[in-house]
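my_file.cif follows; it contains mmCIF, C-alpha atoms, pLDDT in the B column; chains and numbers go by the auth columns.
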```cif
data_data
loop_
_atom_site.group_PDB
_atom_site.id
_atom_site.type_symbol
_atom_site.label_atom_id
_atom_site.label_comp_id
_atom_site.label_asym_id
_atom_site.label_seq_id
_atom_site.Cartn_x
_atom_site.Cartn_y
_atom_site.Cartn_z
_atom_site.B_iso_or_equiv
_atom_site.auth_seq_id
_atom_site.auth_asym_id
ATOM 1 C CA MET A 1 9.637 22.685 -33.419 63.00 1 A
ATOM 2 C CA SER A 2 11.309 22.799 -30.008 75.00 2 A
ATOM 3 C CA ASP A 3 8.255 21.106 -28.485 81.00 3 A
ATOM 4 C CA SER A 4 8.750 18.006 -30.620 83.00 4 A
ATOM 5 C CA ILE A 5 12.472 17.971 -29.839 83.00 5 A
ATOM 6 C CA SER A 6 11.783 18.130 -26.097 84.00 6 A
ATOM 7 C CA LYS A 7 9.270 15.279 -26.455 80.00 7 A
ATOM 8 C CA LEU A 8 11.856 13.144 -28.216 76.00 8 A
ATOM 9 C CA LEU A 9 14.508 13.969 -25.639 76.00 9 A
ATOM 10 C CA LYS A 10 12.115 13.052 -22.840 75.00 10 A
ATOM 11 C CA LYS A 11 11.179 9.811 -24.624 71.00 11 A
ATOM 12 C CA TYR A 12 14.786 8.672 -25.061 71.00 12 A
ATOM 13 C CA GLU A 13 15.970 9.874 -21.634 70.00 13 A
ATOM 14 C CA GLY A 14 15.494 6.468 -19.970 67.00 14 A
ATOM 15 C CA ASN A 15 17.228 3.203 -20.731 64.00 15 A
ATOM 16 C CA TYR A 16 14.260 1.558 -22.384 61.00 16 A
ATOM 17 C CA VAL A 17 11.681 2.958 -24.746 61.00 17 A
ATOM 18 C CA PRO A 18 8.395 0.992 -24.907 64.00 18 A
ATOM 19 C CA GLY A 19 8.072 -0.885 -28.177 67.00 19 A
ATOM 20 C CA GLU A 20 11.788 -1.119 -28.863 71.00 20 A
ATOM 21 C CA LYS A 21 13.891 -4.221 -28.453 76.00 21 A
ATOM 22 C CA ARG A 22 15.864 -4.430 -25.211 74.00 22 A
ATOM 23 C CA THR A 23 19.615 -4.951 -25.106 80.00 23 A
ATOM 24 C CA ARG A 24 21.012 -7.986 -23.247 85.00 24 A
ATOM 25 C CA ASP A 25 21.728 -5.945 -20.131 85.00 25 A
ATOM 26 C CA GLN A 26 18.281 -4.355 -20.165 82.00 26 A
ATOM 27 C CA GLU A 27 16.669 -7.763 -20.652 85.00 27 A
ATOM 28 C CA ARG A 28 18.672 -9.233 -17.751 90.00 28 A
ATOM 29 C CA ILE A 29 17.701 -6.327 -15.471 89.00 29 A
ATOM 30 C CA HIS A 30 14.068 -6.637 -16.571 85.00 30 A
ATOM 31 C CA LYS A 31 14.024 -10.363 -15.773 90.00 31 A
ATOM 32 C CA GLN A 32 15.643 -9.774 -12.361 90.00 32 A
ATOM 33 C CA LYS A 33 12.986 -7.196 -11.508 90.00 33 A
ATOM 34 C CA GLN A 34 10.275 -9.553 -12.730 93.00 34 A
ATOM 35 C CA PHE A 35 11.587 -12.447 -10.572 92.00 35 A
ATOM 36 C CA LYS A 36 11.784 -10.135 -7.553 92.00 36 A
ATOM 37 C CA ARG A 37 8.214 -8.946 -8.171 94.00 37 A
ATOM 38 C CA GLU A 38 7.008 -12.559 -8.438 94.00 38 A
ATOM 39 C CA LYS A 39 8.737 -13.458 -5.159 94.00 39 A
ATOM 40 C CA HIS A 40 7.111 -10.560 -3.356 93.00 40 A
ATOM 41 C CA LEU A 41 3.696 -11.532 -4.731 95.00 41 A
ATOM 42 C CA LEU A 42 4.357 -15.050 -3.457 95.00 42 A
ATOM 43 C CA VAL A 43 5.316 -13.583 -0.057 95.00 43 A
ATOM 44 C CA ASP A 44 2.007 -11.721 0.086 95.00 44 A
ATOM 45 C CA GLU A 45 0.083 -14.889 -0.810 95.00 45 A
ATOM 46 C CA LEU A 46 1.888 -16.917 1.858 95.00 46 A
ATOM 47 C CA LEU A 47 1.433 -14.175 4.467 95.00 47 A
ATOM 48 C CA ASN A 48 -2.275 -14.253 3.683 94.00 48 A
ATOM 49 C CA GLU A 49 -2.303 -18.030 4.066 93.00 49 A
ATOM 50 C CA THR A 50 -0.428 -17.888 7.386 92.00 50 A
ATOM 51 C CA LYS A 51 -2.709 -15.387 9.100 92.00 51 A
ATOM 52 C CA VAL A 52 -2.826 -17.797 12.051 90.00 52 A
ATOM 53 C CA LEU A 53 0.651 -16.602 13.057 91.00 53 A
ATOM 54 C CA LEU A 54 -0.719 -13.058 13.633 91.00 54 A
ATOM 55 C CA LEU A 55 2.250 -11.161 12.222 92.00 55 A
ATOM 56 C CA THR A 56 2.395 -7.382 12.624 93.00 56 A
ATOM 57 C CA ASN A 57 3.139 -5.048 9.721 94.00 57 A
ATOM 58 C CA ASN A 58 6.740 -4.644 10.896 94.00 58 A
ATOM 59 C CA GLU A 59 7.181 -8.415 10.916 94.00 59 A
ATOM 60 C CA LYS A 60 5.722 -8.629 7.406 95.00 60 A
ATOM 61 C CA GLU A 61 8.198 -5.969 6.259 96.00 61 A
ATOM 62 C CA HIS A 62 10.946 -8.061 7.896 94.00 62 A
ATOM 63 C CA VAL A 63 9.927 -11.023 5.720 95.00 63 A
ATOM 64 C CA HIS A 64 10.047 -8.835 2.589 95.00 64 A
ATOM 65 C CA TYR A 65 13.503 -7.602 3.672 94.00 65 A
ATOM 66 C CA LEU A 66 14.750 -11.187 4.011 94.00 66 A
ATOM 67 C CA VAL A 67 13.440 -12.050 0.542 95.00 67 A
ATOM 68 C CA ASN A 68 15.273 -9.009 -0.885 93.00 68 A
ATOM 69 C CA LYS A 69 18.456 -9.780 1.028 92.00 69 A
ATOM 70 C CA PHE A 70 18.619 -13.467 0.038 91.00 70 A
ATOM 71 C CA ASP A 71 17.419 -13.413 -3.547 83.00 71 A
ATOM 72 C CA ASP A 72 19.397 -16.542 -4.490 89.00 72 A
ATOM 73 C CA PHE A 73 17.237 -19.223 -2.893 92.00 73 A
ATOM 74 C CA ASN A 74 19.360 -22.071 -4.288 92.00 74 A
ATOM 75 C CA SER A 75 22.214 -21.044 -2.012 93.00 75 A
ATOM 76 C CA LEU A 76 19.930 -21.460 1.011 94.00 76 A
ATOM 77 C CA HIS A 77 18.556 -24.870 0.074 94.00 77 A
ATOM 78 C CA ARG A 78 19.008 -26.559 -3.256 93.00 78 A
ATOM 79 C CA THR A 79 15.928 -28.803 -3.273 93.00 79 A
ATOM 80 C CA ALA A 80 13.447 -26.638 -1.361 94.00 80 A
ATOM 81 C CA THR A 81 10.814 -24.739 -3.321 94.00 81 A
ATOM 82 C CA LYS A 82 10.482 -20.954 -3.262 94.00 82 A
ATOM 83 C CA GLU A 83 7.353 -21.329 -1.163 95.00 83 A
ATOM 84 C CA CYS A 84 9.209 -23.460 1.377 95.00 84 A
ATOM 85 C CA ILE A 85 12.047 -20.957 1.767 96.00 85 A
ATOM 86 C CA ILE A 86 9.698 -17.977 2.042 96.00 86 A
ATOM 87 C CA LEU A 87 7.651 -19.919 4.584 96.00 87 A
ATOM 88 C CA ALA A 88 10.865 -20.526 6.547 96.00 88 A
ATOM 89 C CA PHE A 89 11.431 -16.755 6.608 96.00 89 A
ATOM 90 C CA ILE A 90 7.843 -16.196 7.769 95.00 90 A
ATOM 91 C CA PHE A 91 8.139 -18.823 10.477 94.00 91 A
ATOM 92 C CA TYR A 92 11.505 -17.429 11.597 94.00 92 A
ATOM 93 C CA VAL A 93 10.025 -13.947 12.017 95.00 93 A
ATOM 94 C CA ALA A 94 7.017 -15.394 13.857 93.00 94 A
ATOM 95 C CA LYS A 95 9.283 -17.446 16.099 92.00 95 A
ATOM 96 C CA ILE A 96 11.291 -14.403 17.225 91.00 96 A
ATOM 97 C CA ASN A 97 8.463 -13.198 19.487 86.00 97 A
ATOM 98 C CA THR A 98 7.001 -16.610 20.279 88.00 98 A
ATOM 99 C CA PRO A 99 9.895 -19.108 20.436 89.00 99 A
ATOM 100 C CA LYS A 100 7.746 -22.029 21.626 90.00 100 A
ATOM 101 C CA ARG A 101 5.976 -22.340 18.257 88.00 101 A
ATOM 102 C CA GLN A 102 6.572 -25.670 16.580 90.00 102 A
ATOM 103 C CA LEU A 103 6.498 -26.337 12.845 90.00 103 A
ATOM 104 C CA LYS A 104 4.496 -29.515 13.232 89.00 104 A
ATOM 105 C CA GLU A 105 1.577 -27.578 14.778 90.00 105 A
ATOM 106 C CA TYR A 106 0.696 -25.929 11.457 91.00 106 A
ATOM 107 C CA SER A 107 -0.710 -27.708 8.405 91.00 107 A
ATOM 108 C CA PHE A 108 0.734 -25.213 5.908 91.00 108 A
ATOM 109 C CA THR A 109 4.266 -26.314 6.831 91.00 109 A
ATOM 110 C CA ARG A 110 3.469 -29.860 5.725 92.00 110 A
ATOM 111 C CA LYS A 111 1.743 -28.544 2.595 92.00 111 A
ATOM 112 C CA TYR A 112 4.925 -26.808 1.380 93.00 112 A
ATOM 113 C CA GLY A 113 7.405 -29.357 2.731 93.00 113 A
ATOM 114 C CA LEU A 114 8.924 -27.268 5.519 94.00 114 A
ATOM 115 C CA THR A 115 10.296 -29.692 8.093 94.00 115 A
ATOM 116 C CA GLU A 116 12.540 -29.072 11.118 94.00 116 A
ATOM 117 C CA PRO A 117 15.767 -30.136 9.337 95.00 117 A
ATOM 118 C CA VAL A 118 14.983 -27.994 6.275 95.00 118 A
ATOM 119 C CA PHE A 119 14.105 -25.014 8.483 95.00 119 A
ATOM 120 C CA GLU A 120 17.297 -25.381 10.528 95.00 120 A
ATOM 121 C CA LEU A 121 19.473 -25.680 7.422 95.00 121 A
ATOM 122 C CA ILE A 122 17.941 -22.588 5.816 96.00 122 A
ATOM 123 C CA MET A 123 18.360 -20.548 9.007 95.00 123 A
ATOM 124 C CA CYS A 124 21.959 -21.723 9.473 94.00 124 A
ATOM 125 C CA ARG A 125 22.815 -20.607 5.950 94.00 125 A
ATOM 126 C CA VAL A 126 21.069 -17.257 6.489 94.00 126 A
ATOM 127 C CA VAL A 127 23.145 -16.678 9.629 91.00 127 A
ATOM 128 C CA GLN A 128 26.307 -17.838 7.856 90.00 128 A
ATOM 129 C CA LYS A 129 25.778 -15.320 5.036 89.00 129 A
ATOM 130 C CA LEU A 130 24.997 -12.487 7.431 86.00 130 A
ATOM 131 C CA LEU A 131 28.089 -13.207 9.513 82.00 131 A
ATOM 132 C CA ALA A 132 30.253 -13.358 6.405 81.00 132 A
ATOM 133 C CA GLU A 133 29.087 -9.865 5.446 81.00 133 A
ATOM 134 C CA ALA A 134 29.730 -8.349 8.879 73.00 134 A
ATOM 135 C CA PRO A 135 32.825 -9.816 10.542 62.00 135 A
ATOM 136 C CA ILE A 136 32.834 -9.411 14.293 64.00 136 A
ATOM 137 C CA VAL A 137 35.743 -7.318 15.589 62.00 137 A
ATOM 138 C CA PRO A 138 36.352 -6.625 19.295 63.00 138 A
ATOM 139 C CA LYS A 139 35.738 -2.962 20.080 63.00 139 A
ATOM 140 C CA ASN A 140 38.727 -2.292 22.371 66.00 140 A
ATOM 141 C CA THR A 141 41.374 -4.092 20.339 63.00 141 A
ATOM 142 C CA LYS A 142 44.431 -2.244 19.050 63.00 142 A
ATOM 143 C CA LYS A 143 44.797 -4.652 16.123 63.00 143 A
ATOM 144 C CA TYR A 144 42.088 -2.966 13.987 63.00 144 A
ATOM 145 C CA ASP A 145 41.256 0.655 13.295 61.00 145 A
ATOM 146 C CA ASN A 146 37.512 0.613 14.048 60.00 146 A
ATOM 147 C CA ASP A 147 36.889 3.974 12.371 65.00 147 A
ATOM 148 C CA ILE A 148 38.280 2.715 9.053 64.00 148 A
ATOM 149 C CA LEU A 149 36.331 -0.529 9.379 60.00 149 A
ATOM 150 C CA TYR A 150 33.163 1.442 10.047 62.00 150 A
ATOM 151 C CA LYS A 151 33.690 3.836 7.107 66.00 151 A
ATOM 152 C CA THR A 152 34.499 1.074 4.622 67.00 152 A
ATOM 153 C CA GLY A 153 31.622 -1.105 5.802 59.00 153 A
ATOM 154 C CA LEU A 154 33.839 -4.011 6.825 57.00 154 A
ATOM 155 C CA ARG A 155 32.694 -3.880 10.422 48.00 155 A
#
```
In structure tokens, how does this file's structure come out?
Amino acid sequence: MSDSISKLLKKYEGNYVPGEKRTRDQERIHKQKQFKREKHLLVDELLNETKVLLLTNNEKEHVHYLVNKFDDFNSLHRTATKECIILAFIFYVAKINTPKRQLKEYSFTRKYGLTEPVFELIMCRVVQKLLAEAPIVPKNTKKYDNDILYKTGLR
């Protein structure tokens, strides 16, 4: 008897039980996870296609981090495709170590519509969002309490 009760308790412990209808919140969370999974699969496909850039594993993880951090691609560029924005992230990471790389040298940039103006706009908006999250405060100023800023995450 107690074995069946423990099975039922274990079954209903989580938010969602397979076979049952999801609530609105569960459905929204499920769709968000699904979109995120699709984006990361797309990142892997594009990284495979851009092997010419010779990215290390750390650089590939950096691209995945950027995709997680900026999940709303419409705020980065309204008309660019997901592939174009992810390719901009890949090219940005590749350009960190080799700044002389040019977009026009690679055929995959033309294939997905990544041009210099689009790339610059996406990167400007990435920087703008990152700076908005972490305001710069001078270290030796008496105007701010740096310990409080550090603890609250406003630094």
With 8 Å of padding per side, what axis-aligned box (centre and edge lengths, Å, one decimal) covers all the listed atoms of segment 123-126 of chain A? Give it as JSON.
```
{"center_x": 20.6, "center_y": -19.5, "center_z": 7.7, "size_x": 20.5, "size_y": 20.5, "size_z": 19.5}
```
Given the PyMOL selection byres ((chain A and resi 60) around 12), the residues it picks as a ChimeraX atom specification: /A:40,43-48,50-51,53-59,61-67,86-87,89-94
Test item: the PyMOL selection byres ((chain A and resi 82) around 12) resolved as a PyMOL selection string: chain A and resi 35-36+38-43+46+67+70-81+83-89+112-114+122
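The spacing separating atom CA of Lys33 of chain A from atom CA of Glu20 of chain A amounts to 18.4 Å.
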Distance of atom CA of Thr115 of chain A from atom CA of Ala134 of chain A, expressed in Å to one decimal place: 28.9 Å
d(atom CA of Arg37 of chain A, atom CA of Arg22 of chain A) in Å: 19.2 Å
Nearest residue to Met123 of chain A from the set A:Thr23, A:Lys95, A:Thr109, A:Leu9 (distances using only C-alpha atoms):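 Smallest separation from Met123 of chain A among the options: A:Lys95.
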